[in-house]
Amino acid sequence: MSILYNESKKTFSLHTFRTTYQLKIGNLNYVNHLYYGSTIHDEDLSFLIRRYDRGFSGNPYDSLKERTFSLDAQPQEFTTQQQGDFRINSIEVQNADGSFSFDGRYVSHTVYKGPFTLNGLPTAFARETDTVDTLEIVLEDAVTKVRVTLLYSVFEEADVIMRAVRVHNGGDGEIKLKRIMSFNMDYMNGKNLDLISLPGRYGQERQVERQPLTHHVHKVRSGRGISSHQQNPFIALVERNANEEYGECYGFALMYSGSFLAEVELDQYDQARLVMGINDRLFSYPVAPGEDFDTPAVLMTYSHKGLGGMSRKYHNFIRNNLNKSKFVRDVKRPVLINTWEAAFFTFDDVKLVEIAKAAKGMGVEMVVMDDGWFGKRDDDNSGLGDWYVNEKKIKCGLTELVRQINDLGMKFGIWFEPEMVSEDSDLYRAHPDWVMEIPGRHAVRSRNQLVLDVGRKEVQDYLIESINRILDSANIYYVKWDDNRAITDLWSNSLPAERQGEVSHRYVLGLYRVMDGIIKTHPNIMFEGCAGGGGRFDTAMLTYFVQYWSSDNTKPLDNLKLHYGSSFLYPTCTMGAHVSNASPMVPLETKAAIAMCGTFGYELDATKLKKKEIQACKRMSNLYHKYYDLNFFGDYYRLVNPFEQVNLVAWESVAKDRSEALVTVITVNLTMNGPQEYIKCRGLEPNRLYTIEGDGEKYTASGMALMHAGIPVPREVPDFTAFIYHLKAIG
Ligand code: DGJ
């Protein structure tokens with residue numbers, strides 16, 4: 001059992017293999033946070049909390065004039081509201097009597113086997129070999145009878161704790177949640193912490209920013225209705241001196257695909273508090289007597305082995321515990337070619353078959369028909385919502401087209417953008433009230449499209465039914481699920497005026513229901529997520545999608561940064577990456593080596609390639625297959641940071657048994673007559689001998705030498721040369 005309750009000390013110790021998390025039922029039944037870090041025994045760490053009279057920090061009434069007890073100065077497991085703690089808080093509730101207050105005290109707890117699940121929201125699951133226990137702690141406000149249950153599922157082998165919160169209205173009047181965060185995390189000393197986040201923009205998702213905590217509230221947020229290109233629902237708090245190899249790192253990944261918020265505050269005593277959850281902007285959620293509200297889950301991990309240690313824990317967890325699809329681990333994903341950058345909206349069935357024929361020679365195994373095959377969709381002004389085949393383009397019909405592609409020995413994939421509607425569409429003409437539009441105003445257009453009110457059941461049912469009809473009409477192997485705009489005009493015609501604060505969250509819940517109805521009912525189809533590139537790439541989406549289109553930016557050098565940033569949380573096997581015509585000065589082989597740091601595929605018109613290029617692609621597709629396991633399931637190491645002024649960029653994948661490794665090096669600017677560059681490997685077996693191949697030379701060296709001295713990279717080569725070094729242990 002990974003959760004230990006010490007009855008006499010009233011401590012809960014949550015143990016994973018390498019970490020401990022401790023909390024305690026403290027003074028006046030407030031629950032204190034005591035510790036999160038490397039493994040310690042079950043000793044009571046409450047000696048860490050020192051109490052002083054802190055001026056201007058109030059004391060709860062029943063502390064009986066004890067001026068040293070203030071919620072404003074002590075680490076809490078979840079916050080109260082208006083009980084004298086002036087720091088950022090995890091709950092803001094308006095009670096039935098109109099007051100804003102919550103004074104949650106411990107009333108009970110339970111422990112059970114297996115992870116918790118949430119109402120309508122995705123969570124991680126346990127595989128047979130995983131040891132997972134869950135702790136639920138109930139806090140109750142004695143006056144309002146509002147209960148907050150703190151949920152902790154401890155994934156022992158993975159060193160991950162999944163947390164969430166369930167609010168129950170035990171009173172007899174409706175309450176309104178104005179803010180309800182998924183967790184609260186207090187640090188007794190936060191002065192030496194840096195905040196890492198993954199900001200970006202369209203075409204430049206998940207760049208890396210790191211800043212020291214200072215005495216104000218740091219916010220990382222999306223208010224775009226989707227988790228967004230601009231911020232990812234992930235942050236890390238790391239020791240100031242932490243680097244790839246060393247230092248304490250705490251990661252927090254919110255399993256939510258809508259507007260989110262993370263706030264970190266360094267308080268007056270240098271304590272740090274972090275809360276993360278649904279963005280409270282434009283949020284107000286009523287909970288009727290007897291009802292529950294569940295927050296999204298968050299995945300926390302800790303490593304004292306630096307950023308790399310933290311990322312590898314996430315990579316393992318995402319590969320094992322988020323998505324049950326056979327395409328995650330058991331079925332090899334095919335090399336695909338996507339038609340978007342090849343043809344945009346101008347294709348027909350004949351062109352698709354031509355692309356398929358040409359692509360076969362490149363080692364491509366699947367053709368993906370992107371946007372433009374349905375309704376009246378010749379550009380981005382029309383057609384969205386009309387999920388039936390455009391027979392002017394697909395003249396032979398979908399079933400027949402797929403058959404022709406299958407006859408070439410290739411699989412077939414298709415594109416949808418379920419949540420959106422064009423004003424010029426049959427769907428909009430039939431149901432104009434299904435869009436999000438504030439009464440008396442015109443909805444904001446974005447890419448000429450409007451957003452369906454996916455929180456509505458009839459909209460969900462339409463999407464499930466119309467999309468499933470297409471999926472069941474042909475031998476479809478793959479779906480790309482797109483979303484090409486952010487959400488504005490929050491309004492639902494199905495809800496009364498006083499409940500419009502629910503719309504944003506209901507949209508996300510509705511979306512998950514649609515995805516359950518389409519994705520979970522088609523276990524033999526491989527689903528890839530997309531939102532104008534990587535605009536909704538998050539851990540909740542990865543419970544549905546085995547991979548996510550990283551970015552519409554297929555420029556290989558930009559992708560060095562994009563992959564680097566994404567890899568803080570996401571493993572290679574989840575990052576959609578294609579070779580395209582962008583950046584003609586970069587050789588095809590280099591583009592492919594970079595795309596192999598993701599799921600690998602092509603995004604170009606195969607019919608226009610020269611014979612030599614087709615052959616080069618074939619070699620690269622073969623290489624993708626050859627190193628599939630190593631790339632997808634190995635331990636990933638960031639070797640060189642592309643955000644720094646560097647001459648080359650490098651990363652590495654090491655087999656779990658350390659018997660082989662793949663080190664990819666891309667030269668970006670080897671100065672003329674400059675010094676010899678070395679790449680130091682990581683994660684190898686120090687005393688084993690490895691053969692090294694990849695730059696024309698073949699030699700042998702110990703893991704120790706490769707890690708401490710490095711691989712010499714040939715320097716008299718053009719910029720943008722790729723070296724893929726294969727290291728193989730001898731014996
Ligand atoms: C945005 C995606 O990121 C592209 O790959 C493509 O599918 C277009 N949408 C199609 O409209």
# chains A, B, ... in the order shown; residues from 1 in each chain; ligands from 1
>>> residues_around(residues="segment 544-554 of chain A", least_positions_apart="4", cutoff="8 Å", atoms="only C-alpha atoms", output="count of residues only")
36
>>> residues_around(residues="Pro718 of chain A", least_positions_apart="4", cutoff="9 Å", atoms="only C-alpha atoms", output="ChimeraX atom specification")
/A:667-670
>>> write_last_selection(atoms="all heavy atoms", output="compact mmCIF listing (two decimals), in the first residue's frame")
# COMPACT_ATOMS: atom_id res chain seq x y z
N THR A 667 23.71 19.92 -37.60
CA THR A 667 24.63 21.07 -37.59
C THR A 667 23.84 22.30 -38.04
O THR A 667 23.18 22.27 -39.08
CB THR A 667 25.82 20.86 -38.54
OG1 THR A 667 25.31 20.80 -39.88
CG2 THR A 667 26.54 19.56 -38.23
N VAL A 668 23.88 23.35 -37.23
CA VAL A 668 23.13 24.54 -37.65
C VAL A 668 24.05 25.69 -38.05
O VAL A 668 23.70 26.53 -38.86
CB VAL A 668 22.11 25.00 -36.57
CG1 VAL A 668 20.94 24.06 -36.50
CG2 VAL A 668 22.74 25.16 -35.20
N ASN A 669 25.24 25.70 -37.48
CA ASN A 669 26.16 26.76 -37.87
C ASN A 669 27.58 26.40 -37.41
O ASN A 669 28.08 26.96 -36.44
CB ASN A 669 25.72 28.09 -37.26
CG ASN A 669 26.62 29.23 -37.67
OD1 ASN A 669 27.33 29.13 -38.68
ND2 ASN A 669 26.62 30.29 -36.88
N LEU A 670 28.23 25.48 -38.12
CA LEU A 670 29.61 25.12 -37.75
C LEU A 670 30.53 26.19 -38.35
O LEU A 670 30.70 26.25 -39.56
CB LEU A 670 29.96 23.74 -38.28
CG LEU A 670 29.30 22.55 -37.57
CD1 LEU A 670 29.71 21.25 -38.20
CD2 LEU A 670 29.62 22.55 -36.09
>>> closest_residue(among="A:Gly277, A:Lys24, A:Thr117, A:Val132", to="Ile91 of chain A", atoms="only C-alpha atoms")
A:Gly277
>>> residues_around(residues="Asp516 of chain A", least_positions_apart="5", cutoff="10 Å", atoms="only C-alpha atoms", output="count of residues only")
8
>>> closest_residue(among="A:Ser494, A:Asn641, A:Ser13, A:Gln76", to="Tyr30 of chain A", atoms="only C-alpha atoms")
A:Gln76
>>> residues_around(residues="Asn448 of chain A", least_positions_apart="3", cutoff="8 Å", atoms="only C-alpha atoms", output="list in words")
Asp380, Asn381, Ser422 and Arg445 of chain A
>>> write_last_selection(atoms="N, CA, C and O atoms", output="short mmCIF file (atom, residue, chain, number, x, y, z; two decimals), in the first residue's frame")
data_model
loop_
_atom_site.label_atom_id
_atom_site.label_comp_id
_atom_site.auth_asym_id
_atom_site.auth_seq_id
_atom_site.Cartn_x
_atom_site.Cartn_y
_atom_site.Cartn_z
N ASP A 380 -11.99 28.02 -47.34
CA ASP A 380 -12.38 27.97 -45.93
C ASP A 380 -13.60 28.84 -45.61
O ASP A 380 -13.84 29.18 -44.45
N ASN A 381 -14.41 29.15 -46.65
CA ASN A 381 -15.61 29.94 -46.41
C ASN A 381 -16.86 29.11 -46.17
O ASN A 381 -17.88 29.64 -45.77
N SER A 422 -19.60 26.46 -40.81
CA SER A 422 -19.52 27.62 -41.71
C SER A 422 -20.92 28.19 -41.85
O SER A 422 -21.90 27.43 -41.87
N ARG A 445 -15.99 36.04 -36.14
CA ARG A 445 -15.57 35.00 -37.09
C ARG A 445 -14.07 34.79 -36.94
O ARG A 445 -13.33 35.74 -36.72
#
>>> closest_residue(among="A:Tyr637, A:Tyr388, A:Phe12, A:Tyr512", to="Ala655 of chain A", atoms="only C-alpha atoms")
A:Tyr637
>>> select_by_dssp(residues="segment 517-671 of chain A", states="strand (DSSP E or B)", output="ChimeraX atom specification")
/A:526-529,531,534,547-549,575-576,579-580,601-603,635-638,648-654,660-667
>>> closest_residue(among="A:Gln449, A:Thr295, A:Gln231, A:Asn320", to="ligand 1", atoms="only C-alpha atoms and all ligand atoms")
A:Gln449
>>> closest_residue(among="A:Arg447, A:Arg67, A:His109, A:Lys10", to="ligand 1", atoms="only C-alpha atoms and all ligand atoms")
A:Arg447
>>> residues_around(residues="Ala593 of chain A", least_positions_apart="3", cutoff="8 Å", atoms="only C-alpha atoms", output="ChimeraX atom specification")
/A:589-590,596-597,620,664,722,724
>>> residues_around(residues="Leu261 of chain A", least_positions_apart="4", cutoff="6 Å", atoms="only C-alpha atoms", output="list in words")
Val220, Arg221, Met276, Gly277, Ile278 and Asn279 of chain A
>>> write_last_selection(atoms="all heavy atoms", output="mmCIF file, in the first residue's frame")
data_model
loop_
_atom_site.group_PDB
_atom_site.id
_atom_site.type_symbol
_atom_site.label_atom_id
_atom_site.label_comp_id
_atom_site.auth_asym_id
_atom_site.auth_seq_id
_atom_site.Cartn_x
_atom_site.Cartn_y
_atom_site.Cartn_z
ATOM 1 N N VAL A 220 0.002 31.766 -15.573
ATOM 2 C CA VAL A 220 0.118 31.118 -16.876
ATOM 3 C C VAL A 220 -1.303 30.707 -17.214
ATOM 4 O O VAL A 220 -1.932 29.994 -16.426
ATOM 5 C CB VAL A 220 1.028 29.870 -16.793
ATOM 6 C CG1 VAL A 220 1.047 29.127 -18.108
ATOM 7 C CG2 VAL A 220 2.435 30.261 -16.364
ATOM 8 N N ARG A 221 -1.818 31.167 -18.322
ATOM 9 C CA ARG A 221 -3.238 30.904 -18.534
ATOM 10 C C ARG A 221 -3.625 30.903 -19.999
ATOM 11 O O ARG A 221 -2.947 31.490 -20.839
ATOM 12 C CB ARG A 221 -4.080 31.956 -17.816
ATOM 13 C CG ARG A 221 -3.760 33.355 -18.292
ATOM 14 C CD ARG A 221 -4.875 34.334 -18.095
ATOM 15 N NE ARG A 221 -4.801 35.301 -19.186
ATOM 16 C CZ ARG A 221 -5.775 35.606 -20.007
ATOM 17 N NH1 ARG A 221 -6.948 35.066 -19.879
ATOM 18 N NH2 ARG A 221 -5.615 36.467 -20.996
ATOM 19 N N MET A 276 -3.813 25.474 -9.763
ATOM 20 C CA MET A 276 -3.968 25.256 -11.205
ATOM 21 C C MET A 276 -5.335 24.616 -11.439
ATOM 22 O O MET A 276 -5.744 23.738 -10.661
ATOM 23 C CB MET A 276 -2.859 24.321 -11.673
ATOM 24 C CG MET A 276 -2.585 24.322 -13.146
ATOM 25 S SD MET A 276 -1.029 23.421 -13.411
ATOM 26 C CE MET A 276 -0.868 23.574 -15.156
ATOM 27 N N GLY A 277 -6.007 25.037 -12.472
ATOM 28 C CA GLY A 277 -7.318 24.437 -12.744
ATOM 29 C C GLY A 277 -8.019 25.171 -13.868
ATOM 30 O O GLY A 277 -7.392 25.848 -14.687
ATOM 31 N N ILE A 278 -9.344 25.051 -13.870
ATOM 32 C CA ILE A 278 -10.157 25.737 -14.883
ATOM 33 C C ILE A 278 -9.985 27.241 -14.684
ATOM 34 O O ILE A 278 -10.003 27.722 -13.545
ATOM 35 C CB ILE A 278 -11.643 25.366 -14.694
ATOM 36 C CG1 ILE A 278 -11.857 23.858 -14.859
ATOM 37 C CG2 ILE A 278 -12.528 26.144 -15.645
ATOM 38 C CD1 ILE A 278 -13.254 23.389 -14.476
ATOM 39 N N ASN A 279 -9.829 27.967 -15.786
ATOM 40 C CA ASN A 279 -9.711 29.422 -15.691
ATOM 41 C C ASN A 279 -11.001 29.996 -15.090
ATOM 42 O O ASN A 279 -12.102 29.668 -15.545
ATOM 43 C CB ASN A 279 -9.476 30.003 -17.095
ATOM 44 C CG ASN A 279 -9.012 31.436 -17.043
ATOM 45 O OD1 ASN A 279 -9.259 32.147 -16.068
ATOM 46 N ND2 ASN A 279 -8.336 31.870 -18.084
#
>>> residues_around(residues="Leu684 of chain A", least_positions_apart="6", cutoff="10 Å", atoms="only C-alpha atoms", output="MDAnalysis selection string")
chainID A and resid 654:661 690 702:707 727 729
